[in-house]
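Let me begin by presenting the structure, written as structure tokens, before commenting on it.
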Amino acid sequence: MENQHPVLSQLNQEISDLNDQVTFLRSERDRIQEIYSLDVENVRSILLDVLSPEQSKHVTVNTLVNSIADVLGISLLKEINVGFNIAVQATMLVPADFDINDFDVTDVRMDAWNSEVEDFSVESFEIGDVEEM
């Protein structure tokens, strides 16, 4: 007859749960090792291809680096901070008694038209004197 003591039952359940976790972790380890092996073989294939006489004359370092980064899922994008000095001239239709000193710019937006720029946003801006011309 099996002992049904509550503490023993709880410990048996915890052992069972831990065994399930071990099984899952082993499966994940095997899956990750498989992916790693595939990545290594893909990089090896790229390098062998580049070293072949037909390709070695045509492949640039940039192409090689980007190919390897693609296989390994490595992003080669870097974040840079830039500053712009911009003079803007605008035309506004305002009431006759409008005072230009009351004009306030609350937002500045810019878009990058270069296809190589992935994420572009204005982090801060400063408006100097606003003058009527």
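We label chains A, B, ... in the order they appear in the structure tokens, count residues from 1 in each chain, and number ligands from 1 in the order shown.
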
Can you pull out every residue within 9 Å of A:Ile68, counting only C-alpha atoms, but drop anything in the same chain fewer than 6 positions away, and send it as an mmCIF file with N, CA and C atoms, in the first residue's frame?
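Result saved to around_12.cif:
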```cif
data_model
loop_
_atom_site.group_PDB
_atom_site.id
_atom_site.type_symbol
_atom_site.label_atom_id
_atom_site.label_comp_id
_atom_site.auth_asym_id
_atom_site.auth_seq_id
_atom_site.Cartn_x
_atom_site.Cartn_y
_atom_site.Cartn_z
ATOM 1 N N ASN A 42 26.562 26.862 -42.331
ATOM 2 C CA ASN A 42 26.246 27.922 -43.296
ATOM 3 C C ASN A 42 27.389 28.917 -43.425
ATOM 4 N N VAL A 43 28.004 29.296 -42.300
ATOM 5 C CA VAL A 43 29.153 30.210 -42.346
ATOM 6 C C VAL A 43 30.314 29.533 -43.075
ATOM 7 N N ILE A 46 29.681 29.715 -46.739
ATOM 8 C CA ILE A 46 29.930 31.071 -47.256
ATOM 9 C C ILE A 46 31.422 31.298 -47.426
ATOM 10 N N LEU A 47 32.189 30.942 -46.426
ATOM 11 C CA LEU A 47 33.643 31.154 -46.493
ATOM 12 C C LEU A 47 34.279 30.336 -47.604
ATOM 13 N N ILE A 74 22.775 38.505 -36.716
ATOM 14 C CA ILE A 74 23.407 39.641 -36.048
ATOM 15 C C ILE A 74 23.045 40.918 -36.795
#
```

Leaving out stretch 102-114 of chain A and any residue of its chain fewer than 3 positions from it, which residues lie within 12 Å of it when counting only C-alpha atoms, given as a PDB file with C-alpha atoms, in the first residue's frame?
```
ATOM      1  CA  PHE A  84      21.162  69.747 -37.511  1.00  0.00           C
ATOM      2  CA  ILE A  86      18.278  74.476 -39.752  1.00  0.00           C
ATOM      3  CA  VAL A  88      13.204  77.677 -41.627  1.00  0.00           C
ATOM      4  CA  MET A  92       1.388  81.980 -41.981  1.00  0.00           C
ATOM      5  CA  VAL A  94      -2.790  85.117 -38.923  1.00  0.00           C
ATOM      6  CA  ASP A  97      -3.662  91.745 -34.226  1.00  0.00           C
ATOM      7  CA  PHE A  98      -1.432  88.621 -33.996  1.00  0.00           C
ATOM      8  CA  ASP A  99       1.814  89.152 -32.044  1.00  0.00           C
ATOM      9  CA  VAL A 117      18.109  54.758 -42.435  1.00  0.00           C
ATOM     10  CA  GLU A 118      15.860  52.354 -40.532  1.00  0.00           C
ATOM     11  CA  ASP A 119      14.633  54.433 -37.626  1.00  0.00           C
ATOM     12  CA  PHE A 120      14.685  58.201 -37.552  1.00  0.00           C
ATOM     13  CA  SER A 121      13.069  60.325 -34.877  1.00  0.00           C
ATOM     14  CA  VAL A 122      13.578  63.824 -33.517  1.00  0.00           C
ATOM     15  CA  GLU A 123      14.621  63.435 -29.890  1.00  0.00           C
ATOM     16  CA  SER A 124      14.815  67.113 -29.008  1.00  0.00           C
ATOM     17  CA  PHE A 125      14.737  70.506 -30.649  1.00  0.00           C
ATOM     18  CA  GLU A 126      15.413  74.090 -29.724  1.00  0.00           C
ATOM     19  CA  ILE A 127      13.812  77.123 -31.298  1.00  0.00           C
ATOM     20  CA  GLY A 128      15.709  80.387 -31.092  1.00  0.00           C
ATOM     21  CA  ASP A 129      14.151  83.749 -31.904  1.00  0.00           C
ATOM     22  CA  VAL A 130      11.081  83.766 -34.109  1.00  0.00           C
ATOM     23  CA  GLU A 131      10.981  86.957 -36.130  1.00  0.00           C
ATOM     24  CA  GLU A 132       8.523  88.442 -38.551  1.00  0.00           C
TER      25      GLU A 132
END
```

Going by DSSP on the backbone, which bits of stretch 7-133 of chain A are helix (DSSP H, G or I)? Write them as a short mmCIF file (atom, residue, chain, number, x, y, z; two decimals) with N, CA and C atoms, in the first residue's frame, please.
```cif
data_model
loop_
_atom_site.label_atom_id
_atom_site.label_comp_id
_atom_site.auth_asym_id
_atom_site.auth_seq_id
_atom_site.Cartn_x
_atom_site.Cartn_y
_atom_site.Cartn_z
N VAL A 7 2.78 15.41 2.72
CA VAL A 7 4.12 15.93 2.44
C VAL A 7 4.80 15.07 1.38
N LEU A 8 4.66 13.76 1.51
CA LEU A 8 5.27 12.85 0.54
C LEU A 8 4.62 13.02 -0.83
N SER A 9 3.32 13.19 -0.86
CA SER A 9 2.61 13.43 -2.13
C SER A 9 3.09 14.72 -2.79
N GLN A 10 3.26 15.75 -1.99
CA GLN A 10 3.74 17.03 -2.52
C GLN A 10 5.15 16.90 -3.06
N LEU A 11 6.01 16.20 -2.34
CA LEU A 11 7.40 16.00 -2.79
C LEU A 11 7.43 15.17 -4.08
N ASN A 12 6.59 14.17 -4.17
CA ASN A 12 6.52 13.36 -5.39
C ASN A 12 6.08 14.22 -6.59
N GLN A 13 5.13 15.11 -6.34
CA GLN A 13 4.68 16.00 -7.41
C GLN A 13 5.80 16.95 -7.83
N GLU A 14 6.54 17.48 -6.86
CA GLU A 14 7.66 18.37 -7.18
C GLU A 14 8.74 17.64 -7.96
N ILE A 15 9.02 16.40 -7.60
CA ILE A 15 10.00 15.58 -8.35
C ILE A 15 9.52 15.39 -9.78
N SER A 16 8.25 15.10 -9.93
CA SER A 16 7.68 14.92 -11.27
C SER A 16 7.80 16.20 -12.09
N ASP A 17 7.50 17.34 -11.47
CA ASP A 17 7.60 18.63 -12.15
C ASP A 17 9.05 18.92 -12.56
N LEU A 18 9.98 18.62 -11.66
CA LEU A 18 11.40 18.83 -11.97
C LEU A 18 11.86 17.92 -13.10
N ASN A 19 11.38 16.69 -13.11
CA ASN A 19 11.73 15.78 -14.21
C ASN A 19 11.19 16.30 -15.54
N ASP A 20 9.99 16.89 -15.52
CA ASP A 20 9.42 17.49 -16.74
C ASP A 20 10.28 18.67 -17.20
N GLN A 21 10.72 19.48 -16.24
CA GLN A 21 11.58 20.62 -16.58
C GLN A 21 12.91 20.15 -17.17
N VAL A 22 13.49 19.11 -16.60
CA VAL A 22 14.75 18.56 -17.12
C VAL A 22 14.55 18.07 -18.55
N THR A 23 13.47 17.38 -18.80
CA THR A 23 13.17 16.89 -20.15
C THR A 23 13.03 18.06 -21.13
N PHE A 24 12.30 19.08 -20.71
CA PHE A 24 12.13 20.26 -21.57
C PHE A 24 13.47 20.94 -21.84
N LEU A 25 14.28 21.15 -20.79
CA LEU A 25 15.57 21.83 -20.95
C LEU A 25 16.52 21.03 -21.84
N ARG A 26 16.50 19.72 -21.73
CA ARG A 26 17.33 18.89 -22.62
C ARG A 26 16.89 19.04 -24.07
N SER A 27 15.59 19.09 -24.25
CA SER A 27 15.06 19.28 -25.60
C SER A 27 15.48 20.64 -26.17
N GLU A 28 15.38 21.67 -25.35
CA GLU A 28 15.80 23.01 -25.78
C GLU A 28 17.30 23.05 -26.08
N ARG A 29 18.10 22.41 -25.23
CA ARG A 29 19.55 22.34 -25.46
C ARG A 29 19.83 21.68 -26.81
N ASP A 30 19.16 20.57 -27.08
CA ASP A 30 19.37 19.86 -28.35
C ASP A 30 18.96 20.72 -29.54
N ARG A 31 17.84 21.43 -29.38
CA ARG A 31 17.36 22.31 -30.46
C ARG A 31 18.37 23.43 -30.72
N ILE A 32 18.89 24.04 -29.67
CA ILE A 32 19.86 25.13 -29.81
C ILE A 32 21.16 24.61 -30.42
N GLN A 33 21.59 23.42 -30.02
CA GLN A 33 22.81 22.83 -30.61
C GLN A 33 22.61 22.57 -32.10
N GLU A 34 21.42 22.16 -32.47
CA GLU A 34 21.12 21.91 -33.88
C GLU A 34 21.18 23.22 -34.68
N ILE A 35 20.60 24.27 -34.13
CA ILE A 35 20.64 25.58 -34.80
C ILE A 35 22.08 26.06 -34.92
N TYR A 36 22.84 25.92 -33.84
CA TYR A 36 24.25 26.34 -33.85
C TYR A 36 25.03 25.58 -34.92
N SER A 37 24.83 24.28 -34.98
CA SER A 37 25.54 23.47 -35.99
C SER A 37 25.17 23.91 -37.40
N LEU A 38 23.91 24.20 -37.62
CA LEU A 38 23.46 24.67 -38.93
C LEU A 38 24.09 26.02 -39.26
N ASP A 39 24.14 26.94 -38.27
CA ASP A 39 24.77 28.24 -38.48
C ASP A 39 26.25 28.10 -38.82
N VAL A 40 26.94 27.23 -38.08
CA VAL A 40 28.36 27.00 -38.35
C VAL A 40 28.55 26.45 -39.77
N GLU A 41 27.73 25.53 -40.17
CA GLU A 41 27.85 24.95 -41.51
C GLU A 41 27.54 26.00 -42.58
N ASN A 42 26.56 26.86 -42.33
CA ASN A 42 26.25 27.92 -43.30
C ASN A 42 27.39 28.92 -43.42
N VAL A 43 28.00 29.30 -42.30
CA VAL A 43 29.15 30.21 -42.35
C VAL A 43 30.31 29.53 -43.08
N ARG A 44 30.54 28.27 -42.78
CA ARG A 44 31.60 27.51 -43.46
C ARG A 44 31.37 27.52 -44.97
N SER A 45 30.13 27.30 -45.38
CA SER A 45 29.78 27.29 -46.80
C SER A 45 30.04 28.65 -47.45
N ILE A 46 29.68 29.71 -46.74
CA ILE A 46 29.93 31.07 -47.26
C ILE A 46 31.42 31.30 -47.43
N LEU A 47 32.19 30.94 -46.43
CA LEU A 47 33.64 31.15 -46.49
C LEU A 47 34.28 30.34 -47.60
N LEU A 48 33.86 29.08 -47.76
CA LEU A 48 34.40 28.26 -48.85
C LEU A 48 34.04 28.84 -50.21
N ASP A 49 32.82 29.34 -50.32
CA ASP A 49 32.38 29.94 -51.58
C ASP A 49 33.22 31.18 -51.91
N VAL A 50 33.48 32.00 -50.90
CA VAL A 50 34.27 33.22 -51.11
C VAL A 50 35.71 32.88 -51.50
N LEU A 51 36.23 31.79 -50.96
CA LEU A 51 37.61 31.40 -51.25
C LEU A 51 37.76 30.73 -52.60
N PRO A 53 38.06 30.24 -56.53
CA PRO A 53 38.64 31.15 -57.52
C PRO A 53 37.60 31.96 -58.29
N GLU A 54 36.43 31.39 -58.53
CA GLU A 54 35.39 32.11 -59.29
C GLU A 54 34.82 33.28 -58.50
N GLN A 55 34.70 33.11 -57.20
CA GLN A 55 34.05 34.13 -56.38
C GLN A 55 35.02 35.11 -55.73
N SER A 56 36.24 34.68 -55.45
CA SER A 56 37.15 35.51 -54.66
C SER A 56 37.43 36.87 -55.31
N VAL A 61 34.44 42.59 -49.02
CA VAL A 61 34.43 42.35 -47.58
C VAL A 61 33.04 42.68 -47.03
N ASN A 62 32.44 43.74 -47.53
CA ASN A 62 31.11 44.15 -47.09
C ASN A 62 30.08 43.04 -47.33
N THR A 63 30.13 42.44 -48.51
CA THR A 63 29.21 41.34 -48.83
C THR A 63 29.46 40.15 -47.93
N LEU A 64 30.71 39.82 -47.70
CA LEU A 64 31.06 38.69 -46.85
C LEU A 64 30.56 38.92 -45.41
N VAL A 65 30.86 40.08 -44.88
CA VAL A 65 30.46 40.39 -43.50
C VAL A 65 28.95 40.36 -43.37
N ASN A 66 28.24 40.98 -44.30
CA ASN A 66 26.77 41.00 -44.22
C ASN A 66 26.18 39.60 -44.37
N SER A 67 26.78 38.76 -45.20
CA SER A 67 26.29 37.39 -45.37
C SER A 67 26.43 36.60 -44.08
N ILE A 68 27.58 36.72 -43.44
CA ILE A 68 27.79 36.00 -42.19
C ILE A 68 26.87 36.55 -41.09
N ALA A 69 26.72 37.86 -41.04
CA ALA A 69 25.82 38.45 -40.05
C ALA A 69 24.39 37.98 -40.26
N ASP A 70 23.96 37.86 -41.51
CA ASP A 70 22.61 37.37 -41.80
C ASP A 70 22.42 35.95 -41.29
N VAL A 71 23.40 35.08 -41.55
CA VAL A 71 23.30 33.69 -41.10
C VAL A 71 23.19 33.61 -39.59
N LEU A 72 23.97 34.44 -38.89
CA LEU A 72 24.00 34.38 -37.43
C LEU A 72 22.92 35.25 -36.77
N ILE A 100 3.74 88.09 -33.05
CA ILE A 100 4.66 87.00 -33.36
C ILE A 100 5.33 86.46 -32.09
N ASN A 101 5.45 87.28 -31.06
CA ASN A 101 6.05 86.82 -29.80
C ASN A 101 5.16 85.78 -29.09
N ASP A 102 3.91 85.70 -29.48
CA ASP A 102 3.01 84.70 -28.90
C ASP A 102 3.06 83.37 -29.65
#
```
